[in-house]
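What follows is a single structure, written as C-alpha cells, with notes after it.
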Amino acid sequence: MFDHVVFSASDYEASKAFFLKALEPIGIAIVSEGPLGIELSSDGESSLCIRRVEEKPSHLHLAFKAENRKQVEDFHRAALEAGAKDNGAPGLRPNYSGRYYAAFVIGPDGHNIEVVCHEPEV
C-alpha cells in the first residue's frame, strides 16, 4: 500500500533511536542516512523516512504505491474532485528517478498526499 512515509522529528536523534529499537523485531533497519535524515525499511520496497527539523513538526507527507500510471492519474482527478488542492499534476519526476511517475495533492488537514508509480509506461 505505502511506497514511503515521510515525517519530521524535532528531536531527530531520540526519534531515530526509538524507531530503530521499537521496529527492530519486525526487521526495520537503516537503508540510508544523510543531511535530510534517515530512511528505514524492512523489504527495500517501502520505507519510513524521518527528517531533521528545528521546529515542532506538523504536516505529513504520505505516499501510496500505484501499480500503474493510470492509477496515479485517477487518484489525482478523484482527489481534486473531493476538494483537495493540487500540489503537483501527474507526471515524471526525473529529479527523483527516470521512472518516478507521481501526483501530489494537499488534503483537508494540510497533509501532502502522493501516489507514485515506479513502473515504465505501458
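Following the order of the C-alpha cells, first chain is A, next is B, and so on, with residues numbered from 1 inside each chain and ligands from 1 in the order they appear.
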Would you give me, as JSON lines, each residue of range 101-122 of chain A having an atom within 9 Å of an atom of range 59-66 of chain A, along with its shortest atom pair and that distance in Å to one decimal, using only C-alpha atoms and sorting by chain and residue number?
{"residue": "A:Ala102", "atom": "CA", "partner": "A:Ala66", "partner_atom": "CA", "distance": 9.0}
{"residue": "A:Phe104", "atom": "CA", "partner": "A:Ala63", "partner_atom": "CA", "distance": 8.7}
{"residue": "A:Asp109", "atom": "CA", "partner": "A:His59", "partner_atom": "CA", "distance": 7.9}
{"residue": "A:Gly110", "atom": "CA", "partner": "A:His59", "partner_atom": "CA", "distance": 6.3}
{"residue": "A:His111", "atom": "CA", "partner": "A:Leu60", "partner_atom": "CA", "distance": 5.0}
{"residue": "A:Asn112", "atom": "CA", "partner": "A:His61", "partner_atom": "CA", "distance": 4.5}
{"residue": "A:Ile113", "atom": "CA", "partner": "A:Leu62", "partner_atom": "CA", "distance": 5.0}
{"residue": "A:Glu114", "atom": "CA", "partner": "A:Ala63", "partner_atom": "CA", "distance": 4.4}
{"residue": "A:Val115", "atom": "CA", "partner": "A:Phe64", "partner_atom": "CA", "distance": 4.7}
{"residue": "A:Val116", "atom": "CA", "partner": "A:Lys65", "partner_atom": "CA", "distance": 5.3}
{"residue": "A:Cys117", "atom": "CA", "partner": "A:Ala66", "partner_atom": "CA", "distance": 4.9}
{"residue": "A:His118", "atom": "CA", "partner": "A:Ala66", "partner_atom": "CA", "distance": 8.0}
{"residue": "A:Glu119", "atom": "CA", "partner": "A:Ala66", "partner_atom": "CA", "distance": 8.9}
message: Neighbouring residues of Ser46 in chain A were defined as those with any atom within 12 Å, considering only C-alpha atoms; residues of the same chain fewer than 2 positions away were excluded. Please report them as a list in words.
response: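 Selected residues are Met1, Phe2, Asp3, His4, Val5, Val6, Ile28, Ala29, Val31, Glu39, Leu40, Ser41, Ser42, Asp43, Gly44, Leu48, Cys49, Leu62, Ala63, Phe64, Lys65 and Val116 of chain A.
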Next, write the just-selected residues to a file, as a short mmCIF file (atom, residue, chain, number, x, y, z; two decimals), in the first residue's frame, keeping C-alpha atoms as the atom set.
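Listed below is the output, again08.cif:
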data_model
loop_
_atom_site.label_atom_id
_atom_site.label_comp_id
_atom_site.auth_asym_id
_atom_site.auth_seq_id
_atom_site.Cartn_x
_atom_site.Cartn_y
_atom_site.Cartn_z
CA MET A 1 0.00 0.00 0.00
CA PHE A 2 2.59 2.61 1.01
CA ASP A 3 5.62 3.45 -1.04
CA HIS A 4 7.07 5.65 1.68
CA VAL A 5 6.03 7.68 4.70
CA VAL A 6 7.97 10.88 5.47
CA ILE A 28 13.31 -2.49 10.14
CA ALA A 29 16.86 -1.26 9.58
CA VAL A 31 18.73 1.96 4.40
CA GLU A 39 15.40 6.11 5.65
CA LEU A 40 14.28 2.86 7.28
CA SER A 41 12.91 -0.29 5.62
CA SER A 42 12.43 -3.99 6.09
CA ASP A 43 11.85 -5.02 2.49
CA GLY A 44 13.69 -2.44 0.41
CA LEU A 48 9.79 5.14 6.66
CA CYS A 49 11.71 8.42 6.45
CA LEU A 62 2.08 10.18 2.75
CA ALA A 63 2.98 8.37 -0.47
CA PHE A 64 0.97 5.40 -1.68
CA LYS A 65 2.26 2.94 -4.25
CA VAL A 116 3.60 7.12 -7.15
#
task: From chain A, collect each residue whose DSSP state is strand (DSSP E) and return the set as a PyMOL selection string.
output: chain A and resi 2-9+29-34+37-41+47-52+61-65+85-92+101-106+112-117
File dump, residues just selected, C-alpha atoms, as an mmCIF file, in the first residue's frame:
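Wrote out_5.cif, looks like this:
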data_model
loop_
_atom_site.group_PDB
_atom_site.id
_atom_site.type_symbol
_atom_site.label_atom_id
_atom_site.label_comp_id
_atom_site.auth_asym_id
_atom_site.auth_seq_id
_atom_site.Cartn_x
_atom_site.Cartn_y
_atom_site.Cartn_z
ATOM 1 C CA PHE A 2 2.591 2.614 1.012
ATOM 2 C CA ASP A 3 5.625 3.450 -1.039
ATOM 3 C CA HIS A 4 7.072 5.647 1.678
ATOM 4 C CA VAL A 5 6.032 7.685 4.696
ATOM 5 C CA VAL A 6 7.966 10.881 5.467
ATOM 6 C CA PHE A 7 7.636 12.771 8.736
ATOM 7 C CA SER A 8 9.681 15.249 10.728
ATOM 8 C CA ALA A 9 11.065 14.997 14.225
ATOM 9 C CA ALA A 29 16.862 -1.265 9.582
ATOM 10 C CA ILE A 30 18.696 1.757 8.201
ATOM 11 C CA VAL A 31 18.731 1.958 4.400
ATOM 12 C CA SER A 32 20.425 5.348 4.211
ATOM 13 C CA GLU A 33 21.187 8.391 6.304
ATOM 14 C CA GLY A 34 22.223 11.840 5.207
ATOM 15 C CA GLY A 37 17.571 12.446 7.839
ATOM 16 C CA ILE A 38 17.197 8.691 7.805
ATOM 17 C CA GLU A 39 15.399 6.111 5.652
ATOM 18 C CA LEU A 40 14.280 2.861 7.282
ATOM 19 C CA SER A 41 12.912 -0.287 5.620
ATOM 20 C CA SER A 47 10.266 2.952 3.650
ATOM 21 C CA LEU A 48 9.786 5.144 6.656
ATOM 22 C CA CYS A 49 11.712 8.419 6.449
ATOM 23 C CA ILE A 50 12.447 10.638 9.433
ATOM 24 C CA ARG A 51 13.537 14.183 8.591
ATOM 25 C CA ARG A 52 15.504 16.645 10.706
ATOM 26 C CA HIS A 61 3.726 13.513 3.522
ATOM 27 C CA LEU A 62 2.077 10.180 2.749
ATOM 28 C CA ALA A 63 2.982 8.368 -0.471
ATOM 29 C CA PHE A 64 0.972 5.404 -1.678
ATOM 30 C CA LYS A 65 2.261 2.935 -4.255
ATOM 31 C CA LYS A 85 -5.668 21.297 -3.585
ATOM 32 C CA ASP A 86 -3.325 20.448 -6.457
ATOM 33 C CA ASN A 87 0.309 20.141 -5.348
ATOM 34 C CA GLY A 88 1.762 18.557 -8.498
ATOM 35 C CA ALA A 89 -0.052 17.155 -11.515
ATOM 36 C CA PRO A 90 0.623 13.584 -12.672
ATOM 37 C CA GLY A 91 3.967 13.295 -14.388
ATOM 38 C CA LEU A 92 7.514 12.040 -14.348
ATOM 39 C CA TYR A 101 5.702 8.991 -12.027
ATOM 40 C CA ALA A 102 3.675 10.738 -9.334
ATOM 41 C CA ALA A 103 0.917 13.183 -8.461
ATOM 42 C CA PHE A 104 0.581 15.259 -5.295
ATOM 43 C CA VAL A 105 -2.346 16.947 -3.544
ATOM 44 C CA ILE A 106 -2.861 18.781 -0.274
ATOM 45 C CA ASN A 112 0.835 16.224 1.288
ATOM 46 C CA ILE A 113 -0.691 13.087 -0.207
ATOM 47 C CA GLU A 114 1.106 11.397 -3.100
ATOM 48 C CA VAL A 115 0.535 8.396 -5.310
ATOM 49 C CA VAL A 116 3.602 7.120 -7.147
ATOM 50 C CA CYS A 117 4.279 4.501 -9.802
#
